[in-house]
Structures are given as C-alpha cells and as structure tokens.
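**Q** Please find one structure pasted underneath; my questions will follow.
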Amino acid sequence: MTIFDVNLSFGHWPFQALGTETPSRLAALMARAGISAGLVSSIDAVLLPAPDDENQRLFSLLTKHPHLIPVPVINPLLPQWPDTIGRYAAHTPAVKLYPNYHGYRLGDPCVAELMRQLGRRRLALVLPLRIEDERSHHPLMKVPAVPADDVLALARAFPKVPIVCCCPYAREAARLVRGPANLHVDISMVDGMDPVQALVRAGSSRRVLFGSHTPFLYAMAAVMKVTESDLSRTDQRRVLQDNAARMLSTGGRGR
Amino acid sequence: MALVSTDVIRRTKGHRTAVIMTPDAPIIDIHTHYPFGKAEPDPDQLARILARAGRFGVGRLCILGDVIRFGYAPTADEVRRINDLTDAMVRLHPESLIGFCFLNPLQSKGNCLREMDRCVTKLGFRGIKLWVALNCRSHRLDPIMARAAELGVPVLHHAWYSALGHEADESTPADIADLATRFPQTKIIMAHLAGCGIRGLCDIAPFPNVSVDTAGAGPVAGLTEEAVARLGAHRVVFGTDIPMRDFSSVLGRIYGARITAADRRRILTLNARALLGIR
C-alpha cells in the first residue's frame, strides 16, 4: 500500500528547527516513514510579505522531484492573487490559504471571489486550521485557529470546490467530516484512542485523508495512526491513497 | 485537466509502507488515565485498552488516576476514592497495570502522608501523581517529596508551558526545577515533553533526578532528539497520556526520532523499570 500525503511543507519556520531546507531533505523524511508522494507548500510563504516569491522558488526546486507536487500559497488580500493562480493552475491541483496568518476571514468577499475562480479552474483548496498547537505558540505571536464553523460555511457556499482541511483536532475533525460532501479532513492532529477509526466512524472513510504535517510533526506518528488502526484494509487504503487520488484527479466533479 | 493523477502514486510504488518496529522487551507506559468519570472499573473498557496496548507491545501501564473527576482540589475522601478506583483496576489486571497514588497537597500533611503510606506500602502502588492543585514551589509539597524519597517511589508532576495561560496553581518546568533543587534525592518525572518543549528541557537539564515523559500535545518533530541530547536518554521515559492520546501518536515520536536503538530501548522500557523498581 502506498501513502499519499496532503499536508507537507518545505522551508524555514522561526519557532521550530524543521530541517527541510532542501527538497531532498523533505523527501528523505517522507521516505523514512514510507510516504510515497504528496502536496508540498512553502512554509516561508506564511510569514514573508510576498508569498509568491516563495511559491516561485518552490515550483522551481521541485521540478526534479516529481513525487513532490507543489501547491502555491495564496494571500487573497494581495492584488496579484488572480494572476498568481492563473500562472500555476496548469501545474498544480490546489492552492493553499492561511487566513489566520494573513489576516482575513473565510467569509470575506476576497475569499468568495477566489473560490469562484477555483471552481472555474477546477482546483481544490487546502486549508490548514492551524500550524502549531496554540498552547505552544511564541508568547508574542499567538495566532488563533481558523474556526471550524467558518470552514463549514465556506464548504456549503461553494459545494463544487473540494476542500482539504488540514490540522483539525479530533473534535473539529469529527464535525467537519460530517459536513458538506466537498469537505475532507486530514489526520495529522487528530488524537485519542484509535483516532482515525473514530473519525471514520464519525463520518465516512471517503472523506478522511492522510496528512502528516511533516516536517512540523513526526511523519511516523501519522503513518502509525492509520496502519495500526482497527480500520479495514479497504478503509486504510482509502485514507492512505485512494481518497486523495480521487479527489484531486476529479476536481469539483468528484462526488 | 486531470489534476493530480494516480500516476504519481503508481510511480512511487517502490516505497514501502512503514511498519512499526517490534520492541525487544515489553514497553512500559508511565502516564495513563482511565477511566474518566466512573465510580467503578469498566472491565470491557480496560480489556479494549489493554488489547490496543498489546498491539503496540506496551505490556505495563501506570494508572495515574481519574484526576479530573472531582475538580482541581479534591477532598481527602475524594482523593481516597480516586486511588481506590486505581487499586480496583490494578487488581483486575495486576500483570499489566501499575498504580500511582494521586494526591492533593492542599490537604493536610497528615492526610497526604497517610494516603501515601496506604497506597504505596499497603496497596503496592509504585509512584505519586501530583497535578494542578498547588504549584510545586509551595513548601506544602515538602513532606510528600521527602516521604517519596524515603519510600523510593518517583513523583510524576504535571508541567506545561502554555501561551494560552495557566491554571492558577499550575506548575511550569521552571517550577519543577525549583522542586528538584529542594529535593535532589527524590525521583521526579516531569510530565509532557511536548507541552514543556525545548525551554522546559533547558529548565530541568541541570537536575539529574528529573526525567521527562514523552506525553502531551502532538508529535512535534525533533523533541525526542532534543530530550536525548539535552538530558541523556536515561532521563526520557515513555508516557502517552491515554485516552487523550493514542499509542500510535506517541510511539511515532519514538520510532520516528533519529536516536539509537539502545536509546530507544531505554526510553521505552529500561528507564521506567529503574524508576519504578521493577524487573
């Protein structure tokens, strides 16, 4: 069984020594945990003022790593965002937003316009609720998580756009996985006894995706959550591989 | 367009799915809580937990008690009921479960010491659990710490650095360091490596009588290596905090860390044996 990871990052983060300064290092971390391929974004694009500079660097560096699929980070408050999406649309299955770090809400008009464009271009949206446990934030940089209610409202308003919600906690994930059919969740931060099976029971094995949040978290933990769950072999395969392939290969027509 | 195709996955089919490593000795989990909110043991729930533990090679589990059952500052009677429940569970599975004596240091010195003696010398518990009733800088902990040293049992103390603030008397790793300064002969286990972080490791590094358990928060990459580098592997002990966490989530921090097999064995088994005085 192969593993496709929807939640990978590359670059530097001021609050954690990530050790992924080169794509080769990220690839090595993935290989060590048996992760075959995945969606990769620039983590530098979260804090630097012009995310697209980092997107360009990411796309350039990943040309030699076909199993690392670049996903651009978009800040819809910047006037260039439509051009940015246009430039990458043919080369990526999705774009990623960080509303809590870039200072807007999912209900803002700029997000609605962006979602319409994603629908037209049949791109998915990758949406991390958080990057780090809020308790572990630097005391001078506390960034609240994206509210799960906002994600549910967005998914309802744009049912043709697949949304991959990354880094929810177990309670948030259980709510989201019962939400609209275009909404998917990753397992990187769900926890509790056999958490992936609990999540599948709360919703459907077709809406749960493997995401490790490497290099912020140990990839092995995410792998073991699935491979050592009580899920059936079929459900494990869906989570590890099939769901991501189906969702990302069919865009908004996936269901 | 076809967005990401299954070809990407097919092309990388050469990678194998990771499998967990088989431990060469039963793993000891030094930090578990269950059941929550119950007055009696739940044999079915216990059986499920032990079955899941067995799947990961976790053979012994330390029960720290249902610390939230009566709030932050339980009465002496409530403390006794929490420990009675722990004892009842240990009696159901004495080969697998190890009791820890939960105490509220706000209770009188006499009550605390009597409960310690009852749990450790009569019931065979092998450790003391302190939570958030009182910050560990308080000298009201002193009789408990001194008696723990006499009994030769470790004190597992809650600690966390939280950007969201702390409970009024919650202890941080810096507070644990103060406790260690006062009681260098008492074995102290600081809970929650992932909640204490690298700063917490720095706080306790000078105190060889303080270990850290691997519980708390998510599987933050690099922390296990940091703990081994800053404390030595002999001061890192495996703990999960189940049922809030899963064995997979915490064992992934150990199997995913770049540490030697010998250090991994210390963390998973040998250090707990030494702390608890068991074979």
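Order determines the names: the first chain of the structure tokens is A, the second B, and so forth; residues in each chain are numbered 1 upward, and ligands are numbered 1 upward as they are shown.
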Identify every residue of chain A that has at least one atom within 8 Å of any atom of chain B, counting only C-alpha atoms, and report the result as a PyMOL selection string.
**A** chain A and resi 1-4+17-18+31-37+66-67+90+92-93+122-123+133-139+142+189+191-195+215-225+227-228+241+245-246+248-251
**Q** Those same residues, written as a PDB file, in the first residue's frame with C-alpha atoms?
**A**
ATOM      1  CA  MET A   1       0.000   0.000   0.000  1.00  0.00           C
ATOM      2  CA  THR A   2       1.415   3.414  -0.885  1.00  0.00           C
ATOM      3  CA  ILE A   3       0.902   6.626   1.029  1.00  0.00           C
ATOM      4  CA  PHE A   4      -0.066   9.999  -0.438  1.00  0.00           C
ATOM      5  CA  ALA A  17      14.139  23.768  13.518  1.00  0.00           C
ATOM      6  CA  LEU A  18      12.455  21.897  10.679  1.00  0.00           C
ATOM      7  CA  ALA A  31      10.835   8.041   2.635  1.00  0.00           C
ATOM      8  CA  ARG A  32      11.819   7.214   6.189  1.00  0.00           C
ATOM      9  CA  ALA A  33       8.145   6.958   7.114  1.00  0.00           C
ATOM     10  CA  GLY A  34       7.171   5.207   3.896  1.00  0.00           C
ATOM     11  CA  ILE A  35       5.346   8.205   2.404  1.00  0.00           C
ATOM     12  CA  SER A  36       5.399   7.960  -1.365  1.00  0.00           C
ATOM     13  CA  ALA A  37       4.214  11.340  -2.631  1.00  0.00           C
ATOM     14  CA  PRO A  66       8.051  14.554  -9.407  1.00  0.00           C
ATOM     15  CA  HIS A  67       6.583  12.904  -6.330  1.00  0.00           C
ATOM     16  CA  ALA A  90      -1.917  24.126 -15.090  1.00  0.00           C
ATOM     17  CA  THR A  92      -0.972  22.228  -9.504  1.00  0.00           C
ATOM     18  CA  PRO A  93      -4.123  20.517  -8.247  1.00  0.00           C
ATOM     19  CA  ARG A 122     -11.258  23.052 -11.046  1.00  0.00           C
ATOM     20  CA  LEU A 123      -8.673  23.495  -8.346  1.00  0.00           C
ATOM     21  CA  ASP A 133      -0.778  23.766  18.834  1.00  0.00           C
ATOM     22  CA  GLU A 134      -1.947  27.169  20.078  1.00  0.00           C
ATOM     23  CA  ARG A 135      -0.560  26.413  23.532  1.00  0.00           C
ATOM     24  CA  SER A 136       2.923  26.145  22.051  1.00  0.00           C
ATOM     25  CA  HIS A 137       2.895  29.438  20.180  1.00  0.00           C
ATOM     26  CA  HIS A 138       5.537  32.025  20.858  1.00  0.00           C
ATOM     27  CA  PRO A 139       4.039  34.237  23.572  1.00  0.00           C
ATOM     28  CA  LYS A 142      -0.445  33.944  19.270  1.00  0.00           C
ATOM     29  CA  MET A 189      -3.547  16.378  14.556  1.00  0.00           C
ATOM     30  CA  ASP A 191      -5.667  12.050  18.575  1.00  0.00           C
ATOM     31  CA  GLY A 192      -7.307   9.923  21.264  1.00  0.00           C
ATOM     32  CA  MET A 193      -7.748   6.160  21.245  1.00  0.00           C
ATOM     33  CA  ASP A 194      -7.556   4.848  17.664  1.00  0.00           C
ATOM     34  CA  PRO A 195      -8.308   8.330  16.349  1.00  0.00           C
ATOM     35  CA  PRO A 215       8.186  18.471   8.909  1.00  0.00           C
ATOM     36  CA  PHE A 216       6.361  20.012  11.894  1.00  0.00           C
ATOM     37  CA  LEU A 217       5.274  16.637  13.268  1.00  0.00           C
ATOM     38  CA  TYR A 218       6.842  13.195  13.192  1.00  0.00           C
ATOM     39  CA  ALA A 219       5.585  11.570   9.999  1.00  0.00           C
ATOM     40  CA  MET A 220       5.786   8.169  11.650  1.00  0.00           C
ATOM     41  CA  ALA A 221       3.050   9.143  14.103  1.00  0.00           C
ATOM     42  CA  ALA A 222       0.599   9.842  11.284  1.00  0.00           C
ATOM     43  CA  VAL A 223       1.529   6.642   9.478  1.00  0.00           C
ATOM     44  CA  MET A 224       1.038   4.567  12.610  1.00  0.00           C
ATOM     45  CA  LYS A 225      -2.337   6.177  13.315  1.00  0.00           C
ATOM     46  CA  THR A 227      -1.575   1.384   9.763  1.00  0.00           C
ATOM     47  CA  GLU A 228      -2.162   0.468  13.416  1.00  0.00           C
ATOM     48  CA  GLN A 241      -4.079   6.797  -1.001  1.00  0.00           C
ATOM     49  CA  ALA A 245      -6.170  10.457  -5.780  1.00  0.00           C
ATOM     50  CA  ARG A 246      -9.907  10.508  -6.440  1.00  0.00           C
ATOM     51  CA  LEU A 248      -7.503  15.625  -6.712  1.00  0.00           C
ATOM     52  CA  SER A 249      -7.945  13.945 -10.091  1.00  0.00           C
ATOM     53  CA  THR A 250     -11.570  14.955 -10.438  1.00  0.00           C
ATOM     54  CA  GLY A 251     -11.584  18.438  -9.003  1.00  0.00           C
TER      55      GLY A 251
END
**Q** Write out as a PyMOL selection string each polymer residue whose atoms come within 12 Å of Gln56 of chain A, counting only C-alpha atoms; drop sequence neighbours fewer than 5 positions from it.
**A** chain A and resi 41-42+44-45+50-51+61-63+70-74+84-85+87-88+91
**Q** Any chance you could export the current selection's C-alpha atoms as a PDB file, in the first residue's frame?
**A**
ATOM      1  CA  SER A  41       3.776  24.111   0.087  1.00  0.00           C
ATOM      2  CA  SER A  42       6.307  26.717   1.122  1.00  0.00           C
ATOM      3  CA  ASP A  44       8.168  30.602   4.252  1.00  0.00           C
ATOM      4  CA  ALA A  45       5.199  31.922   2.283  1.00  0.00           C
ATOM      5  CA  ALA A  50       5.134  38.339  -0.782  1.00  0.00           C
ATOM      6  CA  PRO A  51       4.142  34.656  -0.732  1.00  0.00           C
ATOM      7  CA  LEU A  61      13.087  23.478  -6.755  1.00  0.00           C
ATOM      8  CA  LEU A  62      10.508  20.714  -7.069  1.00  0.00           C
ATOM      9  CA  THR A  63      10.901  20.183 -10.800  1.00  0.00           C
ATOM     10  CA  PRO A  70       3.895  21.969  -5.377  1.00  0.00           C
ATOM     11  CA  VAL A  71       0.862  23.830  -4.078  1.00  0.00           C
ATOM     12  CA  PRO A  72       1.070  27.632  -4.077  1.00  0.00           C
ATOM     13  CA  VAL A  73       0.173  29.684  -1.026  1.00  0.00           C
ATOM     14  CA  ILE A  74      -2.213  32.495  -1.952  1.00  0.00           C
ATOM     15  CA  THR A  84      -0.744  34.004  -9.311  1.00  0.00           C
ATOM     16  CA  ILE A  85      -3.452  31.377  -9.542  1.00  0.00           C
ATOM     17  CA  ARG A  87       0.215  31.129 -13.522  1.00  0.00           C
ATOM     18  CA  TYR A  88       0.116  27.901 -11.528  1.00  0.00           C
ATOM     19  CA  HIS A  91       0.770  22.823 -12.787  1.00  0.00           C
TER      20      HIS A  91
END
**Q** What gap, in Å, lies between atom CA of Ala146 of chain B and atom CA of Asn83 of chain B?
**A**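 These two atoms are separated by 20.5 Å.
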**Q** Compile the contact shell of His192 of chain B as JSON, numbers by chain: residues with an atom at most 7 Å away, counting only C-alpha atoms, same-chain residues fewer than 4 positions apart removed.
**A** {"B": [159, 160, 196, 213, 214, 215, 216]}
**Q** Which residue is closest to Ile163 of chain A? Choose from A:Val6, A:Arg233, A:Leu140, A:Phe15 and count only C-alpha atoms.
**A** A:Val6
**Q** Can you pull out the residues contacting Ser24 of chain A? Cut-off 12 Å, using only C-alpha atoms, and skip same-chain residues under 2 positions away; I want them as a VMD selection string.
**A** chain A and resid 10 to 11 19 to 22 26 to 31 61 to 68
